[in-house]
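For reference, structure35.csv (CSV, C-alpha atoms and all ligand atoms):
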```csv
chain,number,residue,atom,x,y,z
A,1,MET,CA,7.4,-0.4,31.0
A,2,ASN,CA,6.6,-2.8,33.9
A,3,GLN,CA,7.8,-6.3,34.3
A,4,SER,CA,4.8,-7.9,32.7
A,5,ASP,CA,5.3,-5.7,29.6
A,6,LYS,CA,9.0,-6.8,29.5
A,7,ASP,CA,7.9,-10.4,29.6
A,8,ARG,CA,5.2,-10.1,27.1
A,9,TYR,CA,7.2,-8.3,24.5
A,10,ALA,CA,10.5,-10.0,25.3
A,11,ARG,CA,11.0,-11.5,21.8
A,12,GLN,CA,10.8,-8.2,20.0
A,13,ILE,CA,12.6,-6.2,22.7
A,14,ARG,CA,15.5,-8.7,22.1
A,15,LEU,CA,15.8,-7.4,18.5
A,16,PRO,CA,18.5,-4.7,18.2
A,17,ALA,CA,16.2,-2.8,15.8
A,18,ILE,CA,13.5,-2.6,18.5
A,19,GLY,CA,15.1,-2.8,22.0
A,20,GLU,CA,13.5,-1.4,25.1
A,21,SER,CA,13.4,2.1,23.8
A,22,GLY,CA,11.6,1.0,20.6
A,23,GLN,CA,9.1,-1.0,22.6
A,24,GLN,CA,8.4,2.0,24.8
A,25,SER,CA,7.7,4.1,21.7
A,26,ILE,CA,5.3,1.4,20.5
A,27,LEU,CA,3.6,1.3,23.9
A,28,ASP,CA,3.2,5.0,23.8
A,29,ALA,CA,1.9,5.2,20.2
A,30,THR,CA,-1.6,5.8,18.8
A,31,ALA,CA,-2.3,4.4,15.3
A,32,LEU,CA,-5.3,5.3,13.2
A,33,ILE,CA,-6.5,2.5,11.0
A,34,ILE,CA,-8.7,3.5,8.1
A,35,GLY,CA,-10.7,0.3,7.1
A,36,VAL,CA,-11.1,-2.8,9.2
A,37,GLY,CA,-11.3,-5.2,6.3
A,38,GLY,CA,-8.8,-7.5,4.6
A,39,LEU,CA,-5.8,-5.2,5.2
A,40,GLY,CA,-6.9,-3.8,8.5
A,41,SER,CA,-7.6,-7.2,10.1
A,42,PRO,CA,-4.0,-8.5,10.2
A,43,ALA,CA,-2.5,-5.0,10.6
A,44,ALA,CA,-4.6,-4.2,13.7
A,45,MET,CA,-4.1,-7.7,15.2
A,46,TYR,CA,-0.3,-7.6,14.9
A,47,LEU,CA,-0.2,-4.0,16.2
A,48,ALA,CA,-2.3,-5.0,19.2
A,49,ALA,CA,-0.3,-8.1,19.9
A,50,GLY,CA,2.9,-6.1,19.5
A,51,GLY,CA,1.9,-3.8,22.3
A,52,ILE,CA,0.7,-0.6,20.5
A,53,GLY,CA,-0.8,1.7,23.1
A,54,LYS,CA,-3.9,2.8,21.3
A,55,LEU,CA,-5.7,1.8,18.1
A,56,VAL,CA,-8.4,4.0,16.5
A,57,LEU,CA,-10.5,1.9,14.2
A,58,CYS,CA,-12.5,3.6,11.5
A,59,ASP,CA,-15.0,1.8,9.3
A,60,TYR,CA,-18.7,2.4,8.5
A,61,ASP,CA,-19.3,-1.2,7.3
A,62,VAL,CA,-21.1,-4.1,8.8
A,63,VAL,CA,-19.6,-7.7,8.7
A,64,GLU,CA,-21.0,-9.9,5.9
A,65,SER,CA,-20.3,-13.6,5.4
A,66,SER,CA,-18.5,-12.8,2.2
A,67,ASN,CA,-15.9,-10.9,4.3
A,68,LEU,CA,-14.9,-13.8,6.4
A,69,GLN,CA,-12.7,-15.5,3.8
A,70,ARG,CA,-10.1,-12.7,4.3
A,71,GLN,CA,-11.1,-10.3,7.1
A,72,ILE,CA,-9.7,-12.5,9.8
A,73,ILE,CA,-10.4,-10.1,12.7
A,74,HIS,CA,-14.1,-10.9,12.3
A,75,ALA,CA,-15.4,-14.3,13.6
A,76,ASP,CA,-18.4,-16.2,12.2
A,77,ASP,CA,-20.7,-14.9,14.9
A,78,ALA,CA,-19.8,-11.3,14.1
A,79,VAL,CA,-21.9,-11.3,10.8
A,80,GLY,CA,-24.3,-8.4,11.1
A,81,ASP,CA,-22.2,-6.5,13.6
A,82,ASP,CA,-20.4,-3.2,13.0
A,83,LYS,CA,-16.8,-4.0,11.8
A,84,VAL,CA,-15.3,-1.6,14.3
A,85,GLU,CA,-17.1,-3.2,17.2
A,86,SER,CA,-16.3,-6.8,16.0
A,87,GLY,CA,-12.7,-5.6,15.6
A,88,LYS,CA,-12.5,-4.1,19.0
A,89,ARG,CA,-13.8,-7.4,20.6
A,90,THR,CA,-11.0,-9.4,18.9
A,91,LEU,CA,-8.3,-6.9,19.7
A,92,THR,CA,-9.3,-6.6,23.3
A,93,ALA,CA,-9.3,-10.4,23.6
A,94,LEU,CA,-5.8,-10.5,22.0
A,95,ASN,CA,-4.4,-7.8,24.3
A,96,PRO,CA,-6.5,-6.1,27.0
A,97,ASP,CA,-3.7,-3.5,27.5
A,98,CYS,CA,-4.3,-2.1,24.0
A,99,GLN,CA,-6.8,0.7,24.1
A,100,VAL,CA,-9.3,0.6,21.2
A,101,GLU,CA,-11.4,3.5,20.1
A,102,THR,CA,-14.0,3.0,17.4
A,103,ILE,CA,-15.3,5.4,14.7
A,104,GLY,CA,-18.2,3.7,13.0
A,105,TYR,CA,-18.7,6.2,10.1
A,106,GLN,CA,-16.6,7.6,7.3
A,107,LEU,CA,-14.2,10.3,8.5
A,108,GLU,CA,-14.2,13.3,6.1
A,109,GLY,CA,-12.9,16.8,5.8
A,110,SER,CA,-11.8,18.5,9.0
A,111,GLU,CA,-12.8,15.6,11.2
A,112,LEU,CA,-10.5,13.4,9.2
A,113,VAL,CA,-7.7,15.9,9.5
A,114,GLU,CA,-8.2,16.1,13.3
A,115,ALA,CA,-8.2,12.3,13.7
A,116,VAL,CA,-5.0,12.1,11.6
A,117,ARG,CA,-3.4,14.9,13.7
A,118,ALA,CA,-4.2,13.0,16.9
A,119,ALA,CA,-2.4,9.9,15.7
A,120,ASP,CA,1.3,9.1,15.6
A,121,ILE,CA,0.9,7.1,12.5
A,122,VAL,CA,-1.9,6.3,10.0
A,123,LEU,CA,-2.5,2.9,8.3
A,124,ASP,CA,-4.5,3.2,5.1
A,125,CYS,CA,-6.4,-0.1,4.8
A,126,SER,CA,-9.2,1.3,2.7
A,127,ASP,CA,-10.5,-0.1,-0.6
A,128,ASN,CA,-10.9,2.9,-3.0
A,129,PHE,CA,-8.9,5.7,-4.5
A,130,PRO,CA,-10.9,8.7,-3.3
A,131,THR,CA,-10.5,7.6,0.3
A,132,ARG,CA,-6.8,6.9,-0.2
A,133,PHE,CA,-6.1,10.3,-1.7
A,134,GLU,CA,-8.0,12.1,1.0
A,135,VAL,CA,-6.2,10.2,3.8
A,136,ASN,CA,-2.9,10.9,2.1
A,137,ARG,CA,-3.7,14.6,1.9
A,138,ALA,CA,-4.6,14.7,5.6
A,139,CYS,CA,-1.3,13.1,6.4
A,140,VAL,CA,0.7,15.5,4.2
A,141,ASP,CA,-1.2,18.5,5.7
A,142,THR,CA,-0.5,17.4,9.3
A,143,ALA,CA,3.0,15.9,8.6
A,144,THR,CA,1.8,12.5,10.0
A,145,PRO,CA,3.5,9.3,8.8
A,146,LEU,CA,1.3,7.0,6.7
A,147,VAL,CA,1.6,3.3,5.8
A,148,SER,CA,-0.5,2.6,2.7
A,149,GLY,CA,-1.3,-0.9,1.5
A,150,ALA,CA,-3.5,-2.1,-1.3
A,151,ALA,CA,-4.4,-5.5,-2.7
A,152,ILE,CA,-6.7,-7.1,-5.2
A,153,ARG,CA,-6.9,-10.4,-7.1
A,154,LEU,CA,-3.4,-11.9,-6.5
A,155,GLU,CA,-1.4,-8.7,-6.3
A,156,GLY,CA,-0.6,-6.0,-3.8
A,157,GLN,CA,1.4,-2.9,-3.1
A,158,ILE,CA,2.8,-1.2,-0.1
A,159,MET,CA,4.5,2.1,0.5
A,160,ASN,CA,4.9,4.6,3.3
A,161,TYR,CA,5.1,8.4,3.7
A,162,GLN,CA,7.7,9.7,6.1
A,163,PRO,CA,7.2,13.5,6.3
A,164,ALA,CA,10.3,14.0,8.6
A,165,ALA,CA,12.4,12.5,5.9
A,166,GLY,CA,10.9,14.6,3.1
A,167,SER,CA,9.7,11.4,1.4
A,168,ALA,CA,7.4,11.0,-1.6
A,169,CYS,CA,3.7,10.7,-0.6
A,170,TYR,CA,1.0,8.3,-1.9
A,171,GLN,CA,-0.3,10.7,-4.5
A,172,CYS,CA,3.2,11.1,-6.0
A,173,LEU,CA,2.4,7.9,-7.8
A,174,TYR,CA,-0.8,9.2,-9.5
A,175,PRO,CA,-1.6,11.8,-12.1
A,176,ARG,CA,-4.0,14.6,-11.0
A,177,ALA,CA,-7.1,13.1,-12.6
A,178,PHE,CA,-6.8,9.5,-11.7
A,179,GLY,CA,-10.0,7.5,-11.5
A,180,ALA,CA,-9.6,3.8,-12.2
A,181,GLU,CA,-12.4,1.8,-10.5
A,182,GLU,CA,-12.2,-1.8,-9.5
A,183,SER,CA,-13.3,-3.7,-6.5
A,184,CYS,CA,-12.6,-7.0,-4.7
A,185,GLU,CA,-16.3,-7.7,-5.2
A,186,LEU,CA,-15.9,-7.6,-9.0
A,187,GLU,CA,-12.3,-8.8,-9.4
A,188,GLY,CA,-12.0,-11.2,-6.5
A,189,VAL,CA,-9.1,-11.5,-4.0
A,190,LEU,CA,-7.2,-14.3,-2.4
A,191,GLY,CA,-7.4,-14.0,1.4
A,192,PRO,CA,-3.8,-14.5,2.3
A,193,VAL,CA,-2.6,-12.1,-0.4
A,194,VAL,CA,-4.4,-9.2,1.2
A,195,GLY,CA,-3.2,-10.7,4.5
A,196,VAL,CA,0.4,-10.5,3.3
A,197,ILE,CA,0.0,-6.8,2.5
A,198,GLY,CA,-1.8,-6.0,5.8
A,199,THR,CA,0.8,-7.9,7.7
A,200,MET,CA,3.6,-5.9,5.9
A,201,GLN,CA,1.8,-2.7,6.9
A,202,ALA,CA,2.1,-3.9,10.6
A,203,VAL,CA,5.8,-4.7,10.0
A,204,GLN,CA,6.5,-1.2,8.6
A,205,THR,CA,4.4,0.5,11.3
A,206,LEU,CA,6.3,-1.2,14.2
A,207,LEU,CA,9.6,-0.4,12.6
A,208,LEU,CA,8.7,3.2,11.9
A,209,LEU,CA,7.5,3.7,15.5
A,210,ALA,CA,10.7,2.2,16.7
A,211,GLY,CA,12.7,4.7,14.7
A,212,GLN,CA,13.8,2.3,12.0
A,213,GLY,CA,12.3,3.9,8.9
A,214,GLU,CA,15.5,4.9,7.1
A,215,GLU,CA,15.7,2.0,4.7
A,216,MET,CA,12.0,2.5,3.8
A,217,VAL,CA,12.1,6.1,2.6
A,218,ASN,CA,10.8,6.4,-1.0
A,219,ARG,CA,10.4,2.6,-1.3
A,220,LEU,CA,7.5,1.0,-2.9
A,221,LEU,CA,7.0,-2.8,-2.7
A,222,LEU,CA,5.0,-4.7,-5.3
A,223,PHE,CA,3.8,-8.2,-4.8
A,224,ASP,CA,2.5,-10.6,-7.5
A,225,ALA,CA,1.5,-14.0,-6.0
A,226,LEU,CA,1.1,-15.8,-9.4
A,227,ALA,CA,4.5,-14.7,-10.5
A,228,MET,CA,5.8,-15.2,-6.9
A,229,GLN,CA,7.6,-11.9,-7.2
A,230,TRP,CA,8.4,-9.1,-4.9
A,231,GLN,CA,9.7,-6.0,-6.6
A,232,GLY,CA,11.2,-3.1,-4.6
A,233,VAL,CA,11.0,0.2,-6.5
A,234,THR,CA,12.6,3.6,-5.7
A,235,LEU,CA,9.8,6.1,-5.8
A,236,PRO,CA,10.9,9.6,-6.5
A,237,LYS,CA,9.1,12.5,-5.0
A,238,ASN,CA,6.9,14.1,-7.8
A,239,PRO,CA,7.6,17.8,-7.9
A,240,ASN,CA,4.1,18.3,-9.5
A,241,CYS,CA,2.3,16.1,-7.0
A,242,PRO,CA,-1.1,17.6,-6.2
A,243,ALA,CA,-0.8,16.7,-2.5
A,244,CYS,CA,2.9,17.4,-1.6
A,245,GLY,CA,4.4,19.0,-4.7
A,246,GLY,CA,5.2,22.6,-5.6
A,247,ASP,CA,1.8,23.3,-7.2
A,248,ARG,CA,-0.2,21.9,-4.2
A,249,GLN,CA,-1.9,25.3,-3.8
A,250,ALA,CA,-3.6,24.8,-7.1
A,251,ARG,CA,-5.3,21.6,-6.1
B,1,MET,CA,17.0,-4.2,-31.2
B,2,ASN,CA,15.8,-6.4,-28.4
B,3,VAL,CA,14.3,-5.3,-25.1
B,4,ASN,CA,12.6,-7.2,-22.3
B,5,ILE,CA,9.1,-6.6,-21.2
B,6,GLU,CA,7.5,-7.7,-18.0
B,7,LEU,CA,3.8,-7.4,-17.5
B,8,TYR,CA,2.5,-8.2,-14.0
B,9,ALA,CA,-0.8,-9.2,-12.5
B,10,SER,CA,-3.8,-8.3,-14.6
B,11,LEU,CA,-1.5,-7.1,-17.4
B,12,MET,CA,-0.2,-10.6,-18.1
B,13,LYS,CA,-3.1,-10.9,-20.6
B,14,TYR,CA,-1.3,-8.5,-23.0
B,15,LEU,CA,1.9,-10.6,-23.3
B,16,PRO,CA,2.6,-12.1,-26.7
B,17,PRO,CA,2.6,-15.9,-26.8
B,18,GLY,CA,5.5,-17.4,-24.9
B,19,LYS,CA,6.6,-19.6,-22.1
B,20,HIS,CA,7.5,-17.4,-19.2
B,21,ARG,CA,4.7,-16.3,-16.9
B,22,PHE,CA,5.4,-12.6,-17.0
B,23,ARG,CA,8.5,-11.8,-19.1
B,24,ARG,CA,9.2,-11.7,-22.9
B,25,GLU,CA,12.2,-10.7,-25.0
B,26,ILE,CA,10.8,-8.7,-27.8
B,27,ARG,CA,12.1,-7.1,-31.0
B,28,VAL,CA,11.4,-3.4,-31.4
B,29,ASP,CA,12.4,-0.5,-33.7
B,30,ASP,CA,15.5,1.4,-32.7
B,31,GLY,CA,14.7,4.7,-31.0
B,32,ILE,CA,11.3,3.5,-29.7
B,33,THR,CA,10.1,5.5,-26.7
B,34,LEU,CA,8.6,4.0,-23.6
B,35,ASN,CA,5.1,5.3,-24.4
B,36,GLN,CA,5.3,4.0,-28.0
B,37,LEU,CA,6.1,0.5,-26.6
B,38,ILE,CA,3.2,0.7,-24.1
B,39,ARG,CA,0.7,1.7,-26.9
B,40,GLN,CA,2.1,-1.0,-29.2
B,41,TYR,CA,0.9,-3.5,-26.6
B,42,HIS,CA,-2.5,-1.7,-26.3
B,43,ILE,CA,-2.0,-1.0,-22.6
B,44,SER,CA,-4.1,2.1,-21.6
B,45,ASP,CA,-2.6,4.9,-19.6
B,46,ALA,CA,-4.9,4.0,-16.7
B,47,GLU,CA,-3.6,0.4,-16.7
B,48,ALA,CA,0.1,1.3,-17.1
B,49,HIS,CA,0.2,2.6,-13.6
B,50,LEU,CA,3.8,1.8,-12.4
B,51,VAL,CA,6.2,1.7,-15.3
B,52,LEU,CA,9.8,0.9,-14.5
B,53,VAL,CA,12.9,0.8,-16.8
B,54,ASN,CA,15.6,-1.4,-15.4
B,55,GLY,CA,13.8,-1.1,-12.0
B,56,HIS,CA,13.6,2.7,-12.0
B,57,PHE,CA,10.2,4.4,-11.9
B,58,VAL,CA,9.3,6.6,-14.9
B,59,ASN,CA,6.5,9.0,-14.2
B,60,CYS,CA,3.5,9.2,-16.5
B,61,GLY,CA,3.1,11.7,-19.3
B,62,GLU,CA,6.1,13.5,-20.7
B,63,PRO,CA,8.8,11.4,-19.0
B,64,ARG,CA,7.4,8.3,-20.8
B,65,ASP,CA,7.2,10.1,-24.1
B,66,GLN,CA,10.8,11.2,-23.8
B,67,ARG,CA,12.3,8.0,-22.6
B,68,VAL,CA,14.0,6.3,-25.5
B,69,LEU,CA,14.7,2.6,-25.0
B,70,VAL,CA,18.1,1.0,-25.7
B,71,GLU,CA,19.1,-2.5,-26.5
B,72,GLY,CA,18.7,-4.8,-23.4
B,73,ASP,CA,16.4,-2.5,-21.4
B,74,THR,CA,13.9,-4.2,-19.2
B,75,VAL,CA,10.5,-2.5,-19.0
B,76,SER,CA,8.2,-3.6,-16.1
B,77,ILE,CA,4.6,-2.5,-15.9
B,78,TRP,CA,2.2,-2.9,-12.9
B,79,PRO,CA,-1.5,-2.0,-12.9
B,80,PRO,CA,-3.0,0.2,-10.2
B,81,VAL,CA,-4.3,-1.4,-7.1
B,82,ALA,CA,-6.7,0.2,-4.6
B,83,GLY,CA,-8.5,-2.7,-2.9
B,84,GLY,CA,-8.3,-3.8,0.6
C,301,ZN,ZN,3.3,13.6,-3.2
```
Please lay out the structure from this file as structure tokens.
Ligand SMILES: [Zn+2]
Amino acid sequence: MNQSDKDRYARQIRLPAIGESGQQSILDATALIIGVGGLGSPAAMYLAAGGIGKLVLCDYDVVESSNLQRQIIHADDAVGDDKVESGKRTLTALNPDCQVETIGYQLEGSELVEAVRAADIVLDCSDNFPTRFEVNRACVDTATPLVSGAAIRLEGQIMNYQPAAGSACYQCLYPRAFGAEESCELEGVLGPVVGVIGTMQAVQTLLLLAGQGEEMVNRLLLFDALAMQWQGVTLPKNPNCPACGGDRQAR
Amino acid sequence: MNVNIELYASLMKYLPPGKHRFRREIRVDDGITLNQLIRQYHISDAEAHLVLVNGHFVNCGEPRDQRVLVEGDTVSIWPPVAGG
């Protein structure tokens, strides 16, 4: 870490939970962000601002005007551009030291697994269950930490998977044949609600990279903006989980 | 006996009339199970995603059929969320 890094990140280096060694881990880290929308926007921006070494942005979508109310990484003049390219512009302007790689199509199968393996941590900022289950499975198969956030309407959830701690995974929450379908397009979403969850993903990612994940093992956080409630829940590992459980071979 | 039920987010619509935004004290039959209570409020399995009794997660399926509620229990239910 050079002097300009020490100056730039001084306020978080000062925190005992981060310190110089934690900051160095953040500077050396690569995070894969699946989805550069409402969750991915604040998550990527805080990680870039916080000094993460490299961000890999994955999204196949193009910026639309109806995205701008919550996807704050994209400016008005980005409408029509690929989300990953628009995101890269914002992140590079925020912090030119952050290396940004873009994947402008949906990662699937072995390509997804390899991208996950190449990352130190994965942020699931996607908007549908099939993607979420596949990303989780790739993280379980490669023992890569995952920070998973979701939000819709006025509510959100966040959890993380820490393979080194033997934690529950994202799929531990769901039965085998789970297929609820809903979308922000149909249901609506308040911009800062998804921003709160994406920001919380950045909080957890920075702390995990700095080695401070202990209090977050098997913790699920639920947020309801109308009720103005956060509820923290202990999430037990599901022995029958199709992704990480005993019968994973049968999946 | 009386138990407390908390229905969050999109499940608030299933709450019986009352003042509090998401919580009600309700009267139920002794020996009622968690799944019987969930059905009584017409909440489908897909909607009853995260079910907690006194803040502890109870997995779907058998664990919810077997969990017998006792006086004063607080049941909290959250719907699934995948958006982003
Ligand atoms: Zn699992």
**OP:** Residues of chain B near chain A: apply a cut-off of 10 Å, count all atoms listed in the file, and supply the list as a list in words.
**Re:**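 Listed by rising number, the hits are Tyr8, Ala9, Ser10, Met12, His20, Arg21, Phe22, Arg23, Ala46, Glu47, His49, Leu50, Leu52, Gly55, His56, Phe57, Val58, Asn59, Cys60, Gly61, Ser76, Trp78, Pro79, Pro80, Val81, Ala82, Gly83 and Gly84 of chain B.
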Please, could you write that set of residues out with C-alpha atoms as a PDB file, in the frame of the given file?
```
ATOM      1  CA  TYR B   8       2.500  -8.200 -14.000  1.00  0.00           C
ATOM      2  CA  ALA B   9      -0.800  -9.200 -12.500  1.00  0.00           C
ATOM      3  CA  SER B  10      -3.800  -8.300 -14.600  1.00  0.00           C
ATOM      4  CA  MET B  12      -0.200 -10.600 -18.100  1.00  0.00           C
ATOM      5  CA  HIS B  20       7.500 -17.400 -19.200  1.00  0.00           C
ATOM      6  CA  ARG B  21       4.700 -16.300 -16.900  1.00  0.00           C
ATOM      7  CA  PHE B  22       5.400 -12.600 -17.000  1.00  0.00           C
ATOM      8  CA  ARG B  23       8.500 -11.800 -19.100  1.00  0.00           C
ATOM      9  CA  ALA B  46      -4.900   4.000 -16.700  1.00  0.00           C
ATOM     10  CA  GLU B  47      -3.600   0.400 -16.700  1.00  0.00           C
ATOM     11  CA  HIS B  49       0.200   2.600 -13.600  1.00  0.00           C
ATOM     12  CA  LEU B  50       3.800   1.800 -12.400  1.00  0.00           C
ATOM     13  CA  LEU B  52       9.800   0.900 -14.500  1.00  0.00           C
ATOM     14  CA  GLY B  55      13.800  -1.100 -12.000  1.00  0.00           C
ATOM     15  CA  HIS B  56      13.600   2.700 -12.000  1.00  0.00           C
ATOM     16  CA  PHE B  57      10.200   4.400 -11.900  1.00  0.00           C
ATOM     17  CA  VAL B  58       9.300   6.600 -14.900  1.00  0.00           C
ATOM     18  CA  ASN B  59       6.500   9.000 -14.200  1.00  0.00           C
ATOM     19  CA  CYS B  60       3.500   9.200 -16.500  1.00  0.00           C
ATOM     20  CA  GLY B  61       3.100  11.700 -19.300  1.00  0.00           C
ATOM     21  CA  SER B  76       8.200  -3.600 -16.100  1.00  0.00           C
ATOM     22  CA  TRP B  78       2.200  -2.900 -12.900  1.00  0.00           C
ATOM     23  CA  PRO B  79      -1.500  -2.000 -12.900  1.00  0.00           C
ATOM     24  CA  PRO B  80      -3.000   0.200 -10.200  1.00  0.00           C
ATOM     25  CA  VAL B  81      -4.300  -1.400  -7.100  1.00  0.00           C
ATOM     26  CA  ALA B  82      -6.700   0.200  -4.600  1.00  0.00           C
ATOM     27  CA  GLY B  83      -8.500  -2.700  -2.900  1.00  0.00           C
ATOM     28  CA  GLY B  84      -8.300  -3.800   0.600  1.00  0.00           C
TER      29      GLY B  84
END
```
Residues near B:Glu25, anyone? I mean within 10 Å using all atoms listed in the file, not counting same-chain ones fewer than 2 positions away, as a short mmCIF file (atom, residue, chain, number, x, y, z; two decimals) with C-alpha atoms, in the frame of the given file.
```
data_model
loop_
_atom_site.label_atom_id
_atom_site.label_comp_id
_atom_site.auth_asym_id
_atom_site.auth_seq_id
_atom_site.Cartn_x
_atom_site.Cartn_y
_atom_site.Cartn_z
CA ASN B 2 15.80 -6.40 -28.40
CA VAL B 3 14.30 -5.30 -25.10
CA ASN B 4 12.60 -7.20 -22.30
CA ILE B 5 9.10 -6.60 -21.20
CA GLU B 6 7.50 -7.70 -18.00
CA PRO B 16 2.60 -12.10 -26.70
CA GLY B 18 5.50 -17.40 -24.90
CA ARG B 23 8.50 -11.80 -19.10
CA ARG B 27 12.10 -7.10 -31.00
CA VAL B 28 11.40 -3.40 -31.40
CA GLY B 72 18.70 -4.80 -23.40
CA ASP B 73 16.40 -2.50 -21.40
CA THR B 74 13.90 -4.20 -19.20
#
```
**OP:** Name the closest residue to ligand ZN 301 (chain C) among the candidates A:Pro42, A:Pro163, A:Gly19, A:Gly211; distances are taken between atoms, counting all atoms listed in the file.
**Re:** A:Pro163
**OP:** State, in Å with one decimal place, the distance from atom CA of A:Leu15 to atom CA of A:Lys54.
**Re:** 22.4 Å
Original post:
A:Pro145, A:Gly87, A:Gly166, A:Pro239: which is nearest A:Val56, counting only C-alpha atoms?
Top reply: A:Gly87
Given 7 Å and only C-alpha atoms and all ligand atoms, residues near ligand ZN 301 (chain C) as a PDB file with C-alpha atoms, in the frame of the given file:
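Generated file (selection.pdb):
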```pdb
ATOM      1  CA  ALA A 168       7.400  11.000  -1.600  1.00  0.00           C
ATOM      2  CA  CYS A 169       3.700  10.700  -0.600  1.00  0.00           C
ATOM      3  CA  TYR A 170       1.000   8.300  -1.900  1.00  0.00           C
ATOM      4  CA  GLN A 171      -0.300  10.700  -4.500  1.00  0.00           C
ATOM      5  CA  CYS A 172       3.200  11.100  -6.000  1.00  0.00           C
ATOM      6  CA  LYS A 237       9.100  12.500  -5.000  1.00  0.00           C
ATOM      7  CA  ASN A 238       6.900  14.100  -7.800  1.00  0.00           C
ATOM      8  CA  CYS A 241       2.300  16.100  -7.000  1.00  0.00           C
ATOM      9  CA  PRO A 242      -1.100  17.600  -6.200  1.00  0.00           C
ATOM     10  CA  ALA A 243      -0.800  16.700  -2.500  1.00  0.00           C
ATOM     11  CA  CYS A 244       2.900  17.400  -1.600  1.00  0.00           C
ATOM     12  CA  GLY A 245       4.400  19.000  -4.700  1.00  0.00           C
TER      13      GLY A 245
END
```
Original post:
So what do you get for atom CA of A:Cys58 versus atom CA of A:Ser167, distance-wise?
Top reply: 25.6 Å
**OP:** Measuring atom to atom with all atoms listed in the file, identify which of B:Leu15, B:Val53, B:Ile77, B:Leu37 is nearest to B:Asp65.
**Re:**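 Looking at the shortest contact to B:Asp65, the residue is B:Leu37.
In this model, the gap between atom CA of A:Ile52 and atom CA of A:Ile26 comes to 5.0 Å.
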Original post:
In terms of the shortest atom-to-atom distance over all atoms listed in the file, which of A:Leu47, A:Ala75, A:Leu146, A:Leu94 is closest to A:Ala164?
Top reply: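 Comparing A:Leu47, A:Ala75, A:Leu146, A:Leu94 against A:Ala164, the winner is A:Leu146.
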Original post:
So which residues touch A:Gln99 within 10 Å, counting all atoms listed in the file, skipping near sequence neighbours fewer than 3 positions away, as number ranges by chain?
Top reply: A: 30, 48, 51-56, 88, 91-92, 95-96
**OP:** Tell me which protein, DNA and RNA residues are within 9 Å of B:Gln36, counting all atoms listed in the file, leaving out same-chain ones fewer than 4 positions away, and put them as a list in words.
**Re:** Ile32, Gln40, Tyr41, Arg64 and Asp65 of chain B
Subject >> Non-local contacts of A:Thr102 (7 Å; only C-alpha atoms; under 2 positions in same chain excluded) as a ChimeraX atom specification >> reply: /A:56-58,84-85,100,104
Original post:
Can you list, as a list in words, every protein, DNA or RNA residue that comes within 9 Å of A:Gly50 when you count only C-alpha atoms, leaving out same-chain residues fewer than 3 positions away?
Top reply: Arg8, Tyr9, Gln12, Gln23, Ile26, Leu27, Met45, Tyr46, Leu47, Asn95 and Leu206 of chain A
**OP:** Rank A:Tyr60, A:Ala119, A:Glu108, A:Gln162 by their smallest atom-to-atom distance to A:Phe133, using all atoms listed in the file, and report the top residue only.
**Re:**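 Smallest separation from A:Phe133 among the options: A:Glu108.
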Subject >> Nearest to B:Gly31 by atom-to-atom distance, counting all atoms listed in the file, from B:Val68, B:Ile43, B:Glu62, B:Lys13 >> reply: B:Val68
